[in-house]
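Reading through the structure tokens given below for one structure.
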Amino acid sequence: MSNSSAVTKNLLILHFTVFIWGFTGILGALISVDAVQLVWYRVMIASITLFGYFILSKTSIRVTKKQFLSFFFTGSIVALHWILFFHAIKISTVSVVLVCMSSVTLFTAILEPAIKKQPILGTDILVGILIICGIYLIFKFESQHTLGIILGLISAFGAALFATINSTLVQKSDPKIIGFYEVAGAFFWISVYRFYTGELQVEHFNLSLSDWVYLLILGTICTALAYVAGVSVMRALSAFRVALITNLEPVYGILLAFLFFGKREAMSLGFYLGAVIILGSVFLYPVYKKRKNLH
């Protein structure tokens with residue numbers, strides 16, 4: 001296969017992967033169980049699927065004690081991020097939460113320099129101000145979704161935090177191994193929480209057929225498969241291309257939300273103005289950084 005064909009193939013895989021990520025919000029709205037139970041099932045199914053993948057591919061999952069603890073504790077952040085994400089969807093709308101998730105760029109611009117002890121760039125501050133303006137407009141015109149917006153923003157902060165941690169961990173470990181232990185860690189920490197609240201002791205797995213179908217899609221295709229696919233394309237595509245295409249996730253998600261839920265996802269003009277400011281900033285940010293690095 002020629003280099004151009006390989007790039008085209010990987011671009012299609014990445015677009016499909018990002019589309020799947022955008023679909024997770026739809027599944028979250030369709031599944032009837034609460035957010036904690038939903039994520040517990042999701043990470044359980046994903047852990048089993050990834051473990052099966054490693055067995056079939058004869059991949060060793062051995063890691064050091066230090067690596068195991070790093071991955072496992074990061075899994076608690078992953079769990080919190082997903083629980084807040086799905087809970088926010090259940091109390092507001094898919095569109096609102098997906099736009100809030102675009103603020104990951106803002107939080108990453110703050111967290112990465114802080115964790116890696118690097119200076120914050122002026123362009124990061126400018127993009128951050130624009131995103132804050134967009135969020136303010138959404139707050140102003142969609143006040144009935146205030147709690148959903150707040151939880152969506154906290155979820156975005158969690159996503160930025162574990163992504164920043166992973167950007168350090170990935171330098172020394174296989175991303176697929178990291179993903180497996182983090183998802184397994186998320187399952188462990190949610191199980192501890194559910195045991196403490198007494199929910200786990202009365203879990204009978206008696207979900208409806210539609211819930212089981214949606215959860216299996218969420219755990220296998222949208223989590224395990226999408227994760228492996230998302231990592232594999234990074235070998236052939238630049239970080240810039242990956243970042244730019246990943247920013248399509250809220251766009252795909254909002255379009256899917258309209259397709260599935262129609263008027264329920266209709267928002268005010270102020271929301272769409274805020275969304276355009278946020279998404280425009282997120283899209284232009286990597287373009288600007290790419291051009292700046294060329295000079």
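Chains: A, B, ... in order of the structure tokens. Residues: from 1 per chain. Ligands: from 1, in order shown.
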
Would you kindly return, as a short mmCIF file (atom, residue, chain, number, x, y, z; two decimals) with C-alpha atoms, in the first residue's frame, each protein, DNA or RNA residue with an atom no farther than 12 Å from any atom of A:Lys116, considering only C-alpha atoms and excluding same-chain residues fewer than 6 positions away?
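Output saved as part.cif:
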```
data_model
loop_
_atom_site.label_atom_id
_atom_site.label_comp_id
_atom_site.auth_asym_id
_atom_site.auth_seq_id
_atom_site.Cartn_x
_atom_site.Cartn_y
_atom_site.Cartn_z
CA THR A 108 -5.64 21.44 28.66
CA ALA A 109 -4.01 24.81 27.87
CA ILE A 110 -4.04 25.53 31.62
CA THR A 164 -2.57 15.53 30.14
CA ILE A 165 -1.50 12.72 32.49
CA SER A 167 0.48 12.46 27.39
CA THR A 168 3.25 11.85 29.96
#
```

Please provide the set of residues having any atom within 12 Å of A:Thr24, restricted to only C-alpha atoms, with same-chain residues fewer than 6 positions apart removed, written as a short mmCIF file (atom, residue, chain, number, x, y, z; two decimals) with C-alpha atoms, in the first residue's frame.
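Listing of selection.cif after writing:
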```cif
data_model
loop_
_atom_site.label_atom_id
_atom_site.label_comp_id
_atom_site.auth_asym_id
_atom_site.auth_seq_id
_atom_site.Cartn_x
_atom_site.Cartn_y
_atom_site.Cartn_z
CA THR A 17 -13.70 6.84 15.25
CA VAL A 18 -14.58 10.49 15.99
CA LEU A 30 -31.13 6.31 25.11
CA ILE A 31 -29.96 4.02 27.95
CA LEU A 38 -24.34 3.05 32.94
CA VAL A 39 -20.60 3.75 33.23
CA ARG A 42 -19.61 0.38 30.02
CA TRP A 82 -17.71 9.62 32.18
CA PHE A 85 -20.71 13.40 31.21
CA PHE A 86 -23.65 10.98 31.12
CA ILE A 89 -26.78 14.51 29.34
CA VAL A 94 -26.73 16.03 24.25
CA VAL A 97 -22.99 18.77 27.02
CA LEU A 98 -21.04 18.17 23.79
CA TYR A 214 -27.02 -0.03 23.62
CA LEU A 215 -24.57 -0.90 26.42
CA LEU A 216 -22.85 -3.58 24.31
CA ILE A 217 -22.45 -1.06 21.47
CA LEU A 218 -21.15 1.54 23.95
CA GLY A 219 -18.71 -0.84 25.66
CA THR A 220 -17.35 -2.65 22.59
CA ILE A 221 -17.56 -0.34 19.55
CA CYS A 222 -17.63 3.11 21.22
CA THR A 223 -15.04 2.33 23.90
CA ALA A 226 -12.72 3.15 19.09
CA GLU A 249 -16.77 15.15 17.73
CA PRO A 250 -19.27 17.74 19.07
CA TYR A 252 -21.07 14.94 14.69
CA GLY A 253 -22.75 14.52 18.08
CA ILE A 254 -25.02 17.56 17.72
CA LEU A 256 -26.84 12.99 15.47
CA ALA A 257 -28.79 14.45 18.40
#
```

All residues 12 Å or closer to A:Leu69, only C-alpha atoms, same chain fewer than 6 positions away omitted, as a PDB file with N, CA and C atoms, in the first residue's frame:
```pdb
ATOM      1  N   VAL A  63       3.144  -4.929  33.267  1.00  0.00           N
ATOM      2  CA  VAL A  63       3.652  -3.581  33.552  1.00  0.00           C
ATOM      3  C   VAL A  63       4.310  -3.596  34.923  1.00  0.00           C
ATOM      4  N   GLY A  75      -7.503   5.852  36.245  1.00  0.00           N
ATOM      5  CA  GLY A  75      -8.818   5.287  35.933  1.00  0.00           C
ATOM      6  C   GLY A  75      -9.935   5.898  36.763  1.00  0.00           C
ATOM      7  N   SER A  76      -9.616   6.354  37.977  1.00  0.00           N
ATOM      8  CA  SER A  76     -10.642   6.989  38.817  1.00  0.00           C
ATOM      9  C   SER A  76     -11.083   8.321  38.214  1.00  0.00           C
ATOM     10  N   LEU A 169       2.405   9.602  30.412  1.00  0.00           N
ATOM     11  CA  LEU A 169       2.500   8.144  30.563  1.00  0.00           C
ATOM     12  C   LEU A 169       2.804   7.444  29.238  1.00  0.00           C
ATOM     13  N   ILE A 178      -2.141   1.150  28.506  1.00  0.00           N
ATOM     14  CA  ILE A 178      -2.594   2.225  29.397  1.00  0.00           C
ATOM     15  C   ILE A 178      -4.120   2.261  29.428  1.00  0.00           C
ATOM     16  N   TYR A 181      -5.731  -0.726  31.440  1.00  0.00           N
ATOM     17  CA  TYR A 181      -5.633  -0.619  32.896  1.00  0.00           C
ATOM     18  C   TYR A 181      -6.438   0.563  33.435  1.00  0.00           C
ATOM     19  N   GLU A 182      -6.550   1.634  32.652  1.00  0.00           N
ATOM     20  CA  GLU A 182      -7.355   2.771  33.095  1.00  0.00           C
ATOM     21  C   GLU A 182      -8.845   2.420  33.098  1.00  0.00           C
ATOM     22  N   ALA A 184     -10.041  -0.651  33.316  1.00  0.00           N
ATOM     23  CA  ALA A 184     -10.205  -1.627  34.401  1.00  0.00           C
ATOM     24  C   ALA A 184     -10.191  -0.916  35.752  1.00  0.00           C
ATOM     25  N   GLY A 185      -9.348   0.114  35.877  1.00  0.00           N
ATOM     26  CA  GLY A 185      -9.292   0.908  37.104  1.00  0.00           C
ATOM     27  C   GLY A 185     -10.613   1.620  37.348  1.00  0.00           C
TER      28      GLY A 185
END
```

Per residue of stretch 31-140 of chain A within 10 Å of stretch 154-157 of chain A, record the nearest atom pair and its distance in Å to one decimal, counting only C-alpha atoms, with rows in chain order and ascending residue number, as a tab-separated table.
```
residue	atom	partner	partner_atom	distance
A:Ile77	CA	A:Ser155	CA	9.5
A:Val78	CA	A:Ser155	CA	9.3
A:Ala79	CA	A:Ser155	CA	10.0
A:Leu80	CA	A:Ser155	CA	7.4
A:His81	CA	A:Ser155	CA	4.6
A:Trp82	CA	A:Ser155	CA	7.1
A:Ile83	CA	A:Ser155	CA	8.1
A:Leu84	CA	A:Ser155	CA	5.5
A:Phe85	CA	A:Ser155	CA	5.6
A:Phe86	CA	A:Ser155	CA	9.3
A:His87	CA	A:Ser155	CA	9.9
A:Ala88	CA	A:Ser155	CA	8.8
A:Val97	CA	A:Ser155	CA	9.2
A:Leu98	CA	A:Ala156	CA	9.4
A:Val99	CA	A:Ala156	CA	9.9
A:Cys100	CA	A:Ala156	CA	7.0
A:Met101	CA	A:Ala156	CA	4.9
A:Ser102	CA	A:Ala156	CA	7.5
A:Ser103	CA	A:Ala156	CA	6.3
A:Val104	CA	A:Ala156	CA	5.1
A:Thr105	CA	A:Ala156	CA	8.9
A:Leu106	CA	A:Phe157	CA	8.8
A:Phe107	CA	A:Phe157	CA	5.8
A:Thr108	CA	A:Phe157	CA	8.0
A:Leu111	CA	A:Phe157	CA	9.0
```

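Between atom CA of A:Phe271 and atom CA of A:Leu284 lies a distance of 19.7 Å.
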
What does the distance from atom CA of A:Ile135 to atom CA of A:Leu121 come to in Å, to one decimal?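 Straight-line distance from atom CA of A:Ile135 to atom CA of A:Leu121 works out to 21.2 Å.
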
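Between atom CA of A:Ser92 and atom CA of A:Met44 the interatomic distance comes to 25.9 Å.
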
Selection near stretch 53-57 of chain A, 10 Å with only C-alpha atoms, sequence-local residues under 5 positions removed, as an mmCIF file with C-alpha atoms, in the first residue's frame:
```cif
data_model
loop_
_atom_site.group_PDB
_atom_site.id
_atom_site.type_symbol
_atom_site.label_atom_id
_atom_site.label_comp_id
_atom_site.auth_asym_id
_atom_site.auth_seq_id
_atom_site.Cartn_x
_atom_site.Cartn_y
_atom_site.Cartn_z
ATOM 1 C CA SER A 47 -12.411 -4.218 30.023
ATOM 2 C CA ILE A 48 -13.556 -7.698 28.980
ATOM 3 C CA LYS A 176 -3.428 0.262 24.429
ATOM 4 C CA ILE A 177 -2.031 -1.139 27.697
ATOM 5 C CA PHE A 180 -6.885 -1.237 29.368
ATOM 6 C CA ALA A 224 -12.760 -0.655 23.245
ATOM 7 C CA LEU A 225 -12.736 -0.649 19.417
ATOM 8 C CA VAL A 228 -7.670 0.856 19.668
#
```

Write out as a VMD selection string all residues of stretch 14-62 of chain A that DSSP puts in helix (DSSP H, G or I) for this structure's backbone. chain A and resid 14 to 30 35 to 56

Please write the residues from the selection above to a file, keeping C-alpha atoms, as a CSV table (one decimal), in the first residue's frame.
```csv
chain,number,residue,atom,x,y,z
A,14,LEU,CA,-10.1,8.5,12.3
A,15,HIS,CA,-13.3,10.2,11.0
A,16,PHE,CA,-15.2,7.0,11.7
A,17,THR,CA,-13.7,6.8,15.3
A,18,VAL,CA,-14.6,10.5,16.0
A,19,PHE,CA,-18.1,9.9,14.6
A,20,ILE,CA,-18.4,6.9,17.1
A,21,TRP,CA,-17.2,9.2,20.0
A,22,GLY,CA,-19.9,11.6,19.0
A,23,PHE,CA,-22.5,8.8,19.1
A,24,THR,CA,-21.7,8.0,22.8
A,25,GLY,CA,-23.8,11.0,23.9
A,26,ILE,CA,-26.8,9.6,21.9
A,27,LEU,CA,-26.4,6.2,23.6
A,28,GLY,CA,-26.2,7.9,27.0
A,29,ALA,CA,-29.5,9.6,26.4
A,30,LEU,CA,-31.1,6.3,25.1
A,35,ALA,CA,-25.1,7.5,35.0
A,36,VAL,CA,-23.1,5.5,37.6
A,37,GLN,CA,-24.7,2.2,36.6
A,38,LEU,CA,-24.3,3.1,32.9
A,39,VAL,CA,-20.6,3.8,33.2
A,40,TRP,CA,-20.1,0.7,35.4
A,41,TYR,CA,-21.5,-1.5,32.7
A,42,ARG,CA,-19.6,0.4,30.0
A,43,VAL,CA,-16.2,-0.1,31.6
A,44,MET,CA,-16.9,-3.7,32.6
A,45,ILE,CA,-17.8,-4.6,28.9
A,46,ALA,CA,-14.9,-2.5,27.6
A,47,SER,CA,-12.4,-4.2,30.0
A,48,ILE,CA,-13.6,-7.7,29.0
A,49,THR,CA,-13.4,-6.7,25.3
A,50,LEU,CA,-9.9,-5.2,25.5
A,51,PHE,CA,-8.7,-8.3,27.6
A,52,GLY,CA,-10.0,-10.6,24.8
A,53,TYR,CA,-8.3,-8.4,22.2
A,54,PHE,CA,-4.9,-8.9,24.0
A,55,ILE,CA,-5.4,-12.6,24.3
A,56,LEU,CA,-6.3,-13.0,20.6
```

Return the single residue from A:Gln144, A:Thr74, A:Ser281, A:Thr64 that is closest to A:Ala159, with distances computed using only C-alpha atoms. A:Thr74
